file entry-v4.csv (CSV, C-alpha atoms)
chain,number,residue,atom,x,y,z
A,1,MET,CA,28.4,7.3,4.0
A,2,SER,CA,26.3,9.8,6.0
A,3,SER,CA,23.8,7.7,7.9
A,4,LYS,CA,22.6,7.9,11.5
A,5,ILE,CA,24.3,5.4,13.7
A,6,ASP,CA,21.4,3.7,15.5
A,7,TRP,CA,23.2,0.8,17.1
A,8,ILE,CA,25.6,0.5,20.0
A,9,ILE,CA,29.1,-0.9,20.3
A,10,HIS,CA,30.3,-2.7,23.5
A,11,TYR,CA,34.1,-2.7,23.7
A,12,CYS,CA,35.1,-5.0,26.5
A,13,THR,CA,38.8,-5.3,27.1
A,14,ASN,CA,41.5,-5.1,29.8
A,15,GLY,CA,41.8,-1.7,31.4
A,16,VAL,CA,39.8,0.7,33.5
A,17,CYS,CA,36.5,2.1,32.4
A,18,ASP,CA,36.6,5.9,32.0
A,19,ASP,CA,32.9,6.2,32.9
A,20,CYS,CA,32.5,3.9,35.9
A,21,GLY,CA,36.1,3.2,37.0
A,22,LYS,CA,35.6,-0.5,36.9
A,23,LYS,CA,38.8,-2.5,36.2
A,24,GLU,CA,38.8,-5.4,33.8
A,25,SER,CA,41.8,-7.7,33.7
A,26,GLY,CA,40.3,-11.1,32.6
A,27,PHE,CA,41.0,-11.0,28.9
A,28,LEU,CA,44.0,-12.7,27.3
A,29,PRO,CA,46.7,-10.2,26.3
A,30,TYR,CA,45.7,-8.5,22.9
A,31,ALA,CA,42.2,-9.9,23.1
A,32,CYS,CA,38.8,-8.2,23.6
A,33,ASN,CA,35.2,-8.7,22.9
A,34,ALA,CA,33.9,-5.7,20.9
A,35,HIS,CA,30.5,-6.2,19.3
A,36,THR,CA,27.5,-4.4,18.1
A,37,HIS,CA,23.9,-4.5,19.3
A,38,GLY,CA,21.1,-3.3,16.9
A,39,MET,CA,21.7,-4.8,13.5
A,40,ASP,CA,18.6,-6.9,14.1
A,41,LYS,CA,16.5,-3.9,13.2
A,42,TYR,CA,17.9,-4.3,9.7
A,43,GLY,CA,17.3,-8.1,9.7
A,44,HIS,CA,21.0,-8.7,10.0
A,45,MET,CA,23.4,-10.4,12.4
A,46,ASP,CA,25.5,-8.2,14.7
A,47,PHE,CA,29.3,-7.9,14.3
A,48,GLN,CA,32.2,-8.8,16.6
A,49,ILE,CA,36.0,-8.0,16.8
A,50,VAL,CA,38.2,-9.9,19.2
A,51,LEU,CA,41.6,-8.3,18.5
A,52,ALA,CA,42.3,-5.5,21.0
A,53,LEU,CA,42.7,-2.7,18.5
A,54,SER,CA,42.4,0.9,19.5
A,55,PRO,CA,38.8,1.9,20.4
A,56,GLU,CA,38.8,4.3,17.4
A,57,GLU,CA,39.8,1.5,15.0
A,58,VAL,CA,37.3,-0.9,16.4
A,59,CYS,CA,34.5,1.7,16.1
A,60,ARG,CA,35.6,2.6,12.6
A,61,ILE,CA,35.4,-1.0,11.4
A,62,LEU,CA,32.1,-1.9,13.2
A,63,ASN,CA,30.4,1.4,12.2
A,64,THR,CA,31.5,1.0,8.6
A,65,LEU,CA,30.0,-2.5,8.5
A,66,GLY,CA,26.9,-1.2,10.2
A,67,GLN,CA,26.5,1.6,7.7
A,68,ARG,CA,26.9,-0.8,4.8
A,69,VAL,CA,24.1,-2.9,6.3
A,70,GLN,CA,22.0,0.2,6.9
A,71,ALA,CA,22.5,1.0,3.2
A,72,GLY,CA,21.1,-2.4,2.2
A,73,GLU,CA,24.2,-4.6,1.9
A,74,ARG,CA,24.0,-8.1,3.4
A,75,PHE,CA,26.8,-10.2,4.8
A,76,ARG,CA,27.1,-13.9,5.5
A,77,ALA,CA,29.6,-16.1,7.2
A,78,GLY,CA,32.5,-16.8,4.8
A,79,ASP,CA,32.2,-13.5,3.0
A,80,TYR,CA,35.4,-11.6,2.2
A,81,VAL,CA,34.7,-7.9,2.5
A,82,SER,CA,36.8,-5.2,0.8
A,83,GLY,CA,36.9,-1.5,1.6
A,84,ILE,CA,37.8,-1.8,5.3
A,85,TYR,CA,41.5,-1.8,4.6
A,86,LEU,CA,43.3,-0.7,1.5
A,87,ASP,CA,45.7,-3.7,1.3
A,88,CYS,CA,43.5,-6.6,2.2
A,89,ASP,CA,40.0,-8.0,2.7
A,90,ILE,CA,38.6,-9.0,6.0
A,91,ARG,CA,36.6,-12.2,6.3
A,92,LEU,CA,33.4,-12.7,8.3
A,93,ASP,CA,32.9,-15.9,10.3
A,94,GLU,CA,30.0,-16.9,12.5
A,95,TYR,CA,30.7,-17.2,16.2
A,96,GLU,CA,28.6,-17.2,19.4
A,97,GLU,CA,28.8,-14.1,21.6
A,98,THR,CA,26.8,-14.2,24.9
A,99,GLY,CA,24.2,-16.7,23.6
A,100,ARG,CA,23.7,-15.1,20.1
A,101,GLN,CA,25.3,-15.7,16.8
A,102,VAL,CA,27.4,-12.8,15.4
A,103,LEU,CA,29.7,-12.2,12.4
A,104,ARG,CA,33.2,-12.0,13.7
A,105,VAL,CA,35.6,-9.8,11.7
A,106,MET,CA,38.7,-11.8,10.8
A,107,ILE,CA,41.6,-9.6,10.1
A,108,PRO,CA,44.7,-11.0,8.4
A,109,ASP,CA,48.2,-10.4,9.8
A,110,ARG,CA,50.7,-8.1,8.0
A,111,ASN,CA,51.5,-10.9,5.6
A,112,ASN,CA,47.8,-11.3,4.7
A,113,HIS,CA,47.6,-14.7,6.5
A,114,TYR,CA,44.2,-15.4,8.1
A,115,PRO,CA,44.3,-16.9,11.6
A,116,GLU,CA,43.9,-20.5,10.5
A,117,HIS,CA,47.1,-20.3,8.3
A,118,HIS,CA,50.0,-22.1,9.9
A,119,LYS,CA,52.2,-19.0,9.4
A,120,CYS,CA,49.7,-16.5,10.8
A,121,MET,CA,51.3,-14.2,13.4
A,122,TYR,CA,50.2,-14.0,17.0
A,123,PRO,CA,47.9,-12.3,18.2
A,124,TYR,CA,45.9,-12.6,15.0
A,125,THR,CA,45.5,-16.3,15.7
A,126,LEU,CA,43.4,-15.4,18.8
A,127,GLN,CA,40.6,-14.7,16.4
A,128,LEU,CA,39.9,-18.4,16.2
A,129,LEU,CA,39.1,-18.7,19.9
A,130,LYS,CA,35.5,-19.1,21.1
A,131,THR,CA,34.4,-15.9,22.8
A,132,ASP,CA,34.5,-17.5,26.2
A,133,ASP,CA,38.1,-18.6,25.6
A,134,LEU,CA,39.2,-15.0,25.2
A,135,TYR,CA,39.1,-14.8,29.0
A,136,GLN,CA,42.0,-16.0,31.2
A,137,LYS,CA,41.0,-19.0,33.2
call {"tool": "encode", "arguments": {"input": "entry-v4.csv", "output": "structure tokens"}}
result
Amino acid sequence: MSSKIDWIIHYCTNGVCDDCGKKESGFLPYACNAHTHGMDKYGHMDFQIVLALSPEEVCRILNTLGQRVQAGERFRAGDYVSGIYLDCDIRLDEYEETGRQVLRVMIPDRNNHYPEHHKCMYPYTLQLLKTDDLYQK
């Protein structure tokens, strides 16, 4: 896919911002709130990832989904999406993120168990938490 990326990704997680130097430490271990802004220009919901994967991996997943939307593909809550990983599909579920509805990327664990499965490994189970519950209280 060779399209112009015209959306932004916010990747909020524990650590120190390289740009501003602000320290964030409020997230549960292995959790983040990475999400897009700008899919609305395509009449589509934005995407969210809550597993603290590497910034490169988060951007790869969110940009791949964004490019597929840009190319005309449409996703809904409950959809299983192939082509992100070679060995499994991801699932998209609807969640609230700062007052708006987004499609959360649900990634199965290494045994291909989705977060609601009783044998799903931690931290993949964190994906079931509401966005506000990803922060330590």
call {"tool": "closest_residue", "arguments": {"input": "entry-v4.csv", "among": "A:His113, A:Arg91, A:His35, A:Lys130", "to": "A:Val58", "atoms": "only C-alpha atoms"}}
result
A:His35
call {"tool": "residues_around", "arguments": {"input": "entry-v4.csv", "residues": "A:Pro115", "least_positions_apart": "2", "cutoff": "8 Å", "atoms": "all atoms listed in the file", "output": "PDB file with C-alpha atoms, in the coordinates of the input"}}
result
ATOM      1  CA  MET A 106      38.700 -11.800  10.800  1.00  0.00           C
ATOM      2  CA  ILE A 107      41.600  -9.600  10.100  1.00  0.00           C
ATOM      3  CA  PRO A 108      44.700 -11.000   8.400  1.00  0.00           C
ATOM      4  CA  ASP A 109      48.200 -10.400   9.800  1.00  0.00           C
ATOM      5  CA  HIS A 113      47.600 -14.700   6.500  1.00  0.00           C
ATOM      6  CA  HIS A 117      47.100 -20.300   8.300  1.00  0.00           C
ATOM      7  CA  HIS A 118      50.000 -22.100   9.900  1.00  0.00           C
ATOM      8  CA  CYS A 120      49.700 -16.500  10.800  1.00  0.00           C
ATOM      9  CA  MET A 121      51.300 -14.200  13.400  1.00  0.00           C
ATOM     10  CA  TYR A 124      45.900 -12.600  15.000  1.00  0.00           C
ATOM     11  CA  THR A 125      45.500 -16.300  15.700  1.00  0.00           C
ATOM     12  CA  LEU A 126      43.400 -15.400  18.800  1.00  0.00           C
ATOM     13  CA  GLN A 127      40.600 -14.700  16.400  1.00  0.00           C
ATOM     14  CA  LEU A 128      39.900 -18.400  16.200  1.00  0.00           C
TER      15      LEU A 128
END
call {"tool": "residues_near_point", "arguments": {"input": "entry-v4.csv", "point": "(32.1, -12.4, 5.4)", "cutoff": "12 Å", "atoms": "all atoms listed in the file", "output": "list in words"}}
result
Met45, Phe47, Gln48, Leu65, Glu73, Arg74, Phe75, Arg76, Ala77, Gly78, Asp79, Tyr80, Val81, Ser82, Asp89, Ile90, Arg91, Leu92, Asp93, Glu94, Tyr95, Val102, Leu103, Arg104, Val105, Met106 and Ile107 of chain A
call {"tool": "residues_around", "arguments": {"input": "entry-v4.csv", "residues": "stretch 8-12 of chain A", "least_positions_apart": "3", "cutoff": "9 Å", "atoms": "only C-alpha atoms", "output": "ChimeraX atom specification"}}
result
/A:5,15,24,27,32-38,49,55,58-59,62-63
call {"tool": "write_last_selection", "arguments": {"input": "entry-v4.csv", "atoms": "C-alpha atoms", "output": "PDB file, in the frame of the given file"}}
result
ATOM      1  CA  ILE A   5      24.300   5.400  13.700  1.00  0.00           C
ATOM      2  CA  GLY A  15      41.800  -1.700  31.400  1.00  0.00           C
ATOM      3  CA  GLU A  24      38.800  -5.400  33.800  1.00  0.00           C
ATOM      4  CA  PHE A  27      41.000 -11.000  28.900  1.00  0.00           C
ATOM      5  CA  CYS A  32      38.800  -8.200  23.600  1.00  0.00           C
ATOM      6  CA  ASN A  33      35.200  -8.700  22.900  1.00  0.00           C
ATOM      7  CA  ALA A  34      33.900  -5.700  20.900  1.00  0.00           C
ATOM      8  CA  HIS A  35      30.500  -6.200  19.300  1.00  0.00           C
ATOM      9  CA  THR A  36      27.500  -4.400  18.100  1.00  0.00           C
ATOM     10  CA  HIS A  37      23.900  -4.500  19.300  1.00  0.00           C
ATOM     11  CA  GLY A  38      21.100  -3.300  16.900  1.00  0.00           C
ATOM     12  CA  ILE A  49      36.000  -8.000  16.800  1.00  0.00           C
ATOM     13  CA  PRO A  55      38.800   1.900  20.400  1.00  0.00           C
ATOM     14  CA  VAL A  58      37.300  -0.900  16.400  1.00  0.00           C
ATOM     15  CA  CYS A  59      34.500   1.700  16.100  1.00  0.00           C
ATOM     16  CA  LEU A  62      32.100  -1.900  13.200  1.00  0.00           C
ATOM     17  CA  ASN A  63      30.400   1.400  12.200  1.00  0.00           C
TER      18      ASN A  63
END
call {"tool": "atom_distance", "arguments": {"input": "entry-v4.csv", "atom1": "atom CA of A:Tyr122", "atom2": "atom CA of A:Tyr135"}}
result
16.4 Å
call {"tool": "closest_residue", "arguments": {"input": "entry-v4.csv", "among": "A:Gln136, A:Asn111, A:Thr131, A:Thr64", "to": "A:Val50", "atoms": "all atoms listed in the file"}}
result
A:Thr131
call {"tool": "atom_distance", "arguments": {"input": "entry-v4.csv", "atom1": "atom CA of A:Leu134", "atom2": "atom CA of A:Ser25"}}
result
11.5 Å
call {"tool": "atom_distance", "arguments": {"input": "entry-v4.csv", "atom1": "atom CA of A:Tyr42", "atom2": "atom CA of A:Arg68"}}
result
10.8 Å
call {"tool": "closest_residue", "arguments": {"input": "entry-v4.csv", "among": "A:Lys41, A:Asp87, A:Val16, A:Tyr114", "to": "A:Gly66", "atoms": "all atoms listed in the file"}}
result
A:Lys41
call {"tool": "decode", "arguments": {"input": "entry-v4.csv", "residues": "stretch 18-53 of chain A", "atoms": "N, CA, C and O atoms", "output": "mmCIF file, in the first residue's frame"}}
result
data_model
loop_
_atom_site.group_PDB
_atom_site.id
_atom_site.type_symbol
_atom_site.label_atom_id
_atom_site.label_comp_id
_atom_site.auth_asym_id
_atom_site.auth_seq_id
_atom_site.Cartn_x
_atom_site.Cartn_y
_atom_site.Cartn_z
ATOM 1 N N ASP A 18 10.190 11.756 24.541
ATOM 2 C CA ASP A 18 11.426 12.228 23.915
ATOM 3 C C ASP A 18 11.331 13.690 23.498
ATOM 4 O O ASP A 18 12.330 14.392 23.458
ATOM 5 N N ASP A 19 10.121 14.152 23.176
ATOM 6 C CA ASP A 19 9.948 15.520 22.701
ATOM 7 C C ASP A 19 9.868 16.541 23.837
ATOM 8 O O ASP A 19 10.575 17.540 23.826
ATOM 9 N N CYS A 20 8.999 16.268 24.819
ATOM 10 C CA CYS A 20 8.759 17.284 25.856
ATOM 11 C C CYS A 20 9.400 16.957 27.199
ATOM 12 O O CYS A 20 9.451 17.821 28.078
ATOM 13 N N GLY A 21 9.835 15.715 27.383
ATOM 14 C CA GLY A 21 10.463 15.331 28.635
ATOM 15 C C GLY A 21 9.489 14.995 29.745
ATOM 16 O O GLY A 21 9.891 14.660 30.859
ATOM 17 N N LYS A 22 8.176 15.057 29.465
ATOM 18 C CA LYS A 22 7.168 14.751 30.478
ATOM 19 C C LYS A 22 7.207 13.259 30.802
ATOM 20 O O LYS A 22 7.296 12.417 29.907
ATOM 21 N N LYS A 23 7.109 12.939 32.103
ATOM 22 C CA LYS A 23 7.116 11.551 32.545
ATOM 23 C C LYS A 23 5.692 11.074 32.790
ATOM 24 O O LYS A 23 4.905 11.759 33.437
ATOM 25 N N GLU A 24 5.364 9.899 32.267
ATOM 26 C CA GLU A 24 4.064 9.257 32.482
ATOM 27 C C GLU A 24 4.326 7.968 33.229
ATOM 28 O O GLU A 24 5.195 7.185 32.853
ATOM 29 N N SER A 25 3.597 7.734 34.316
ATOM 30 C CA SER A 25 3.768 6.501 35.070
ATOM 31 C C SER A 25 2.440 5.956 35.575
ATOM 32 O O SER A 25 2.421 5.089 36.437
ATOM 33 N N GLY A 26 1.337 6.446 35.027
ATOM 34 C CA GLY A 26 0.024 6.076 35.533
ATOM 35 C C GLY A 26 -0.593 4.825 34.945
ATOM 36 O O GLY A 26 -1.610 4.339 35.451
ATOM 37 N N PHE A 27 -0.015 4.287 33.895
ATOM 38 C CA PHE A 27 -0.615 3.110 33.268
ATOM 39 C C PHE A 27 -0.266 1.837 34.024
ATOM 40 O O PHE A 27 0.810 1.727 34.624
ATOM 41 N N LEU A 28 -1.156 0.868 33.978
ATOM 42 C CA LEU A 28 -0.838 -0.459 34.489
ATOM 43 C C LEU A 28 0.353 -0.998 33.707
ATOM 44 O O LEU A 28 0.544 -0.642 32.538
ATOM 45 N N PRO A 29 1.164 -1.862 34.312
ATOM 46 C CA PRO A 29 2.262 -2.477 33.551
ATOM 47 C C PRO A 29 1.723 -3.183 32.304
ATOM 48 O O PRO A 29 0.678 -3.834 32.373
ATOM 49 N N TYR A 30 2.409 -3.009 31.191
ATOM 50 C CA TYR A 30 2.075 -3.618 29.890
ATOM 51 C C TYR A 30 0.861 -2.990 29.208
ATOM 52 O O TYR A 30 0.395 -3.504 28.206
ATOM 53 N N ALA A 31 0.353 -1.901 29.746
ATOM 54 C CA ALA A 31 -0.815 -1.248 29.155
ATOM 55 C C ALA A 31 -0.432 0.092 28.558
ATOM 56 O O ALA A 31 0.555 0.716 28.945
ATOM 57 N N CYS A 32 -1.223 0.520 27.595
ATOM 58 C CA CYS A 32 -1.062 1.832 26.979
ATOM 59 C C CYS A 32 -2.415 2.267 26.432
ATOM 60 O O CYS A 32 -3.396 1.537 26.533
ATOM 61 N N ASN A 33 -2.445 3.437 25.858
ATOM 62 C CA ASN A 33 -3.617 3.902 25.112
ATOM 63 C C ASN A 33 -3.086 4.504 23.820
ATOM 64 O O ASN A 33 -2.782 5.687 23.752
ATOM 65 N N ALA A 34 -2.953 3.661 22.816
ATOM 66 C CA ALA A 34 -2.503 4.110 21.492
ATOM 67 C C ALA A 34 -3.734 4.163 20.603
ATOM 68 O O ALA A 34 -4.501 3.201 20.539
ATOM 69 N N HIS A 35 -3.919 5.275 19.923
ATOM 70 C CA HIS A 35 -5.140 5.436 19.124
ATOM 71 C C HIS A 35 -4.905 6.419 17.981
ATOM 72 O O HIS A 35 -3.996 7.237 18.031
ATOM 73 N N THR A 36 -5.756 6.286 16.992
ATOM 74 C CA THR A 36 -5.687 7.183 15.837
ATOM 75 C C THR A 36 -6.671 8.332 16.016
ATOM 76 O O THR A 36 -7.637 8.242 16.769
ATOM 77 N N HIS A 37 -6.392 9.393 15.281
ATOM 78 C CA HIS A 37 -7.321 10.512 15.078
ATOM 79 C C HIS A 37 -7.289 10.814 13.589
ATOM 80 O O HIS A 37 -6.199 10.983 13.023
ATOM 81 N N GLY A 38 -8.446 10.854 12.971
ATOM 82 C CA GLY A 38 -8.492 11.225 11.561
ATOM 83 C C GLY A 38 -9.226 10.262 10.652
ATOM 84 O O GLY A 38 -9.398 10.546 9.472
ATOM 85 N N MET A 39 -9.663 9.125 11.179
ATOM 86 C CA MET A 39 -10.404 8.185 10.331
ATOM 87 C C MET A 39 -11.789 8.728 9.964
ATOM 88 O O MET A 39 -12.400 8.279 8.993
ATOM 89 N N ASP A 40 -12.254 9.726 10.733
ATOM 90 C CA ASP A 40 -13.563 10.311 10.449
ATOM 91 C C ASP A 40 -13.626 10.924 9.057
ATOM 92 O O ASP A 40 -14.683 10.956 8.436
ATOM 93 N N LYS A 41 -12.490 11.372 8.526
ATOM 94 C CA LYS A 41 -12.509 11.933 7.158
ATOM 95 C C LYS A 41 -12.844 10.873 6.117
ATOM 96 O O LYS A 41 -13.166 11.193 4.984
ATOM 97 N N TYR A 42 -12.783 9.609 6.529
ATOM 98 C CA TYR A 42 -13.167 8.496 5.653
ATOM 99 C C TYR A 42 -14.502 7.890 6.076
ATOM 100 O O TYR A 42 -14.874 6.817 5.612
ATOM 101 N N GLY A 43 -15.206 8.592 6.977
ATOM 102 C CA GLY A 43 -16.482 8.088 7.470
ATOM 103 C C GLY A 43 -16.312 6.809 8.272
ATOM 104 O O GLY A 43 -17.169 5.926 8.220
ATOM 105 N N HIS A 44 -15.227 6.719 9.016
ATOM 106 C CA HIS A 44 -14.890 5.488 9.721
ATOM 107 C C HIS A 44 -14.487 5.801 11.158
ATOM 108 O O HIS A 44 -13.990 6.879 11.456
ATOM 109 N N MET A 45 -14.673 4.832 12.051
ATOM 110 C CA MET A 45 -14.231 4.970 13.441
ATOM 111 C C MET A 45 -12.712 4.892 13.513
ATOM 112 O O MET A 45 -12.073 4.220 12.699
ATOM 113 N N ASP A 46 -12.144 5.576 14.506
ATOM 114 C CA ASP A 46 -10.718 5.467 14.770
ATOM 115 C C ASP A 46 -10.415 4.127 15.426
ATOM 116 O O ASP A 46 -11.316 3.403 15.853
ATOM 117 N N PHE A 47 -9.110 3.810 15.517
ATOM 118 C CA PHE A 47 -8.640 2.542 16.064
ATOM 119 C C PHE A 47 -7.871 2.778 17.354
ATOM 120 O O PHE A 47 -7.293 3.850 17.559
ATOM 121 N N GLN A 48 -7.811 1.739 18.199
ATOM 122 C CA GLN A 48 -7.099 1.817 19.461
ATOM 123 C C GLN A 48 -6.382 0.494 19.730
ATOM 124 O O GLN A 48 -6.896 -0.577 19.400
ATOM 125 N N ILE A 49 -5.207 0.574 20.336
ATOM 126 C CA ILE A 49 -4.472 -0.576 20.856
ATOM 127 C C ILE A 49 -4.147 -0.268 22.310
ATOM 128 O O ILE A 49 -3.721 0.849 22.625
ATOM 129 N N VAL A 50 -4.337 -1.259 23.204
ATOM 130 C CA VAL A 50 -4.059 -1.010 24.621
ATOM 131 C C VAL A 50 -2.940 -1.898 25.175
ATOM 132 O O VAL A 50 -2.603 -1.780 26.353
ATOM 133 N N LEU A 51 -2.366 -2.758 24.368
ATOM 134 C CA LEU A 51 -1.180 -3.508 24.784
ATOM 135 C C LEU A 51 0.042 -2.656 24.491
ATOM 136 O O LEU A 51 0.190 -2.149 23.382
ATOM 137 N N ALA A 52 0.935 -2.522 25.455
ATOM 138 C CA ALA A 52 2.124 -1.683 25.277
ATOM 139 C C ALA A 52 3.163 -2.423 24.437
ATOM 140 O O ALA A 52 4.184 -2.889 24.924
ATOM 141 N N LEU A 53 2.871 -2.517 23.160
ATOM 142 C CA LEU A 53 3.820 -3.073 22.199
ATOM 143 C C LEU A 53 4.829 -1.980 21.860
ATOM 144 O O LEU A 53 4.657 -0.826 22.246
#
